[in-house]
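Chemist: Starting off with a structure, shown below.
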Amino acid sequence: MSAPYCCPNCKTNRSRFNIIEQVSKPVKLDPFTGDTVEEYSANDLSPFHIPYKGPNHKVQCAACGLVEDEKTFIAFGEKK
């Protein structure tokens with residue numbers, strides 16, 4: 001978060017944003033009820049469970065509500 005942001009949707013907001021921290025929770029769900037059958041730790045996943053590899057946080061424009069990856073806001077912020 002050391003680069004300037006600009007919202008690619010409303011194109012005017014350069015200062016008001018919400019940083020959304022993403023924390024993944026690996027679980028196994030019952031396919032019929034949706035109930036949690038098993039919770040995994042990040043170090044002890046089953047062989048068929050791929051660990052989360054997405055961004056640690058996303059950014060929301062506090063003016064229009066757009067939620068995107070941080071790199072999208074940075075790329076648009078560097079254009080102007």
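Note on naming: chains are A, B, ... as they come in the structure tokens, residues start from 1 per chain, ligands start from 1 in the order shown.
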Within 10 Å of Lys58 (chain A), counting only C-alpha atoms, which residues show up once you throw out same-chain ones fewer than 3 positions away? Write them as a PyMOL selection string, please.
Modeler: chain A and resi 18-22+54-55+67-73
Chemist: Please identify which residues in chain A DSSP calls alpha helix (DSSP H) from the backbone, and express them as a list of chain:residue names.
Modeler: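 Taking chain A and keeping alpha helix (DSSP H) gives A:Glu70, A:Lys71, A:Thr72, A:Phe73, A:Ile74, A:Ala75, A:Phe76, A:Gly77, A:Glu78, A:Lys79.
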Chemist: Go ahead and save the residues from that selection, with N, CA, C and O atoms, as a PDB file, in the first residue's frame.
Modeler:
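So out.pdb came out as:
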```pdb
ATOM      1  N   GLU A  70      -5.735  -5.118  -5.254  1.00  0.00           N
ATOM      2  CA  GLU A  70      -4.987  -3.887  -5.047  1.00  0.00           C
ATOM      3  C   GLU A  70      -4.278  -3.437  -6.318  1.00  0.00           C
ATOM      4  O   GLU A  70      -4.224  -2.245  -6.628  1.00  0.00           O
ATOM      5  N   LYS A  71      -3.758  -4.387  -7.097  1.00  0.00           N
ATOM      6  CA  LYS A  71      -2.995  -4.031  -8.298  1.00  0.00           C
ATOM      7  C   LYS A  71      -3.843  -3.268  -9.316  1.00  0.00           C
ATOM      8  O   LYS A  71      -3.328  -2.444 -10.063  1.00  0.00           O
ATOM      9  N   THR A  72      -5.148  -3.504  -9.321  1.00  0.00           N
ATOM     10  CA  THR A  72      -6.035  -2.777 -10.223  1.00  0.00           C
ATOM     11  C   THR A  72      -6.096  -1.300  -9.848  1.00  0.00           C
ATOM     12  O   THR A  72      -6.020  -0.425 -10.706  1.00  0.00           O
ATOM     13  N   PHE A  73      -6.235  -1.007  -8.544  1.00  0.00           N
ATOM     14  CA  PHE A  73      -6.278   0.376  -8.083  1.00  0.00           C
ATOM     15  C   PHE A  73      -4.930   1.066  -8.274  1.00  0.00           C
ATOM     16  O   PHE A  73      -4.872   2.249  -8.603  1.00  0.00           O
ATOM     17  N   ILE A  74      -3.836   0.331  -8.073  1.00  0.00           N
ATOM     18  CA  ILE A  74      -2.497   0.898  -8.257  1.00  0.00           C
ATOM     19  C   ILE A  74      -2.255   1.228  -9.723  1.00  0.00           C
ATOM     20  O   ILE A  74      -1.763   2.313 -10.063  1.00  0.00           O
ATOM     21  N   ALA A  75      -2.610   0.296 -10.609  1.00  0.00           N
ATOM     22  CA  ALA A  75      -2.391   0.524 -12.048  1.00  0.00           C
ATOM     23  C   ALA A  75      -3.156   1.755 -12.527  1.00  0.00           C
ATOM     24  O   ALA A  75      -2.622   2.566 -13.292  1.00  0.00           O
ATOM     25  N   PHE A  76      -4.373   1.939 -12.074  1.00  0.00           N
ATOM     26  CA  PHE A  76      -5.139   3.103 -12.486  1.00  0.00           C
ATOM     27  C   PHE A  76      -4.626   4.372 -11.812  1.00  0.00           C
ATOM     28  O   PHE A  76      -4.680   5.451 -12.401  1.00  0.00           O
ATOM     29  N   GLY A  77      -4.094   4.251 -10.604  1.00  0.00           N
ATOM     30  CA  GLY A  77      -3.541   5.398  -9.897  1.00  0.00           C
ATOM     31  C   GLY A  77      -2.257   5.914 -10.519  1.00  0.00           C
ATOM     32  O   GLY A  77      -1.936   7.098 -10.428  1.00  0.00           O
ATOM     33  N   GLU A  78      -1.517   5.046 -11.165  1.00  0.00           N
ATOM     34  CA  GLU A  78      -0.258   5.454 -11.801  1.00  0.00           C
ATOM     35  C   GLU A  78      -0.480   6.084 -13.161  1.00  0.00           C
ATOM     36  O   GLU A  78       0.400   6.752 -13.681  1.00  0.00           O
ATOM     37  N   LYS A  79      -1.643   5.890 -13.764  1.00  0.00           N
ATOM     38  CA  LYS A  79      -1.937   6.443 -15.095  1.00  0.00           C
ATOM     39  C   LYS A  79      -2.104   7.955 -15.062  1.00  0.00           C
ATOM     40  O   LYS A  79      -1.875   8.623 -16.039  1.00  0.00           O
TER      41      LYS A  79
END
```
Chemist: Rounded to one decimal place, report the CA of Pro51 (chain A)-CA of Pro26 (chain A) distance in Å.
Modeler: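 These two atoms are separated by 7.6 Å.
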Chemist: Nearest to Asn43 (chain A): which of A:His57, A:Pro31, A:Lys25, A:Phe17 is it, counting only C-alpha atoms?
Modeler: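 Nearest to Asn43 (chain A): A:Lys25.
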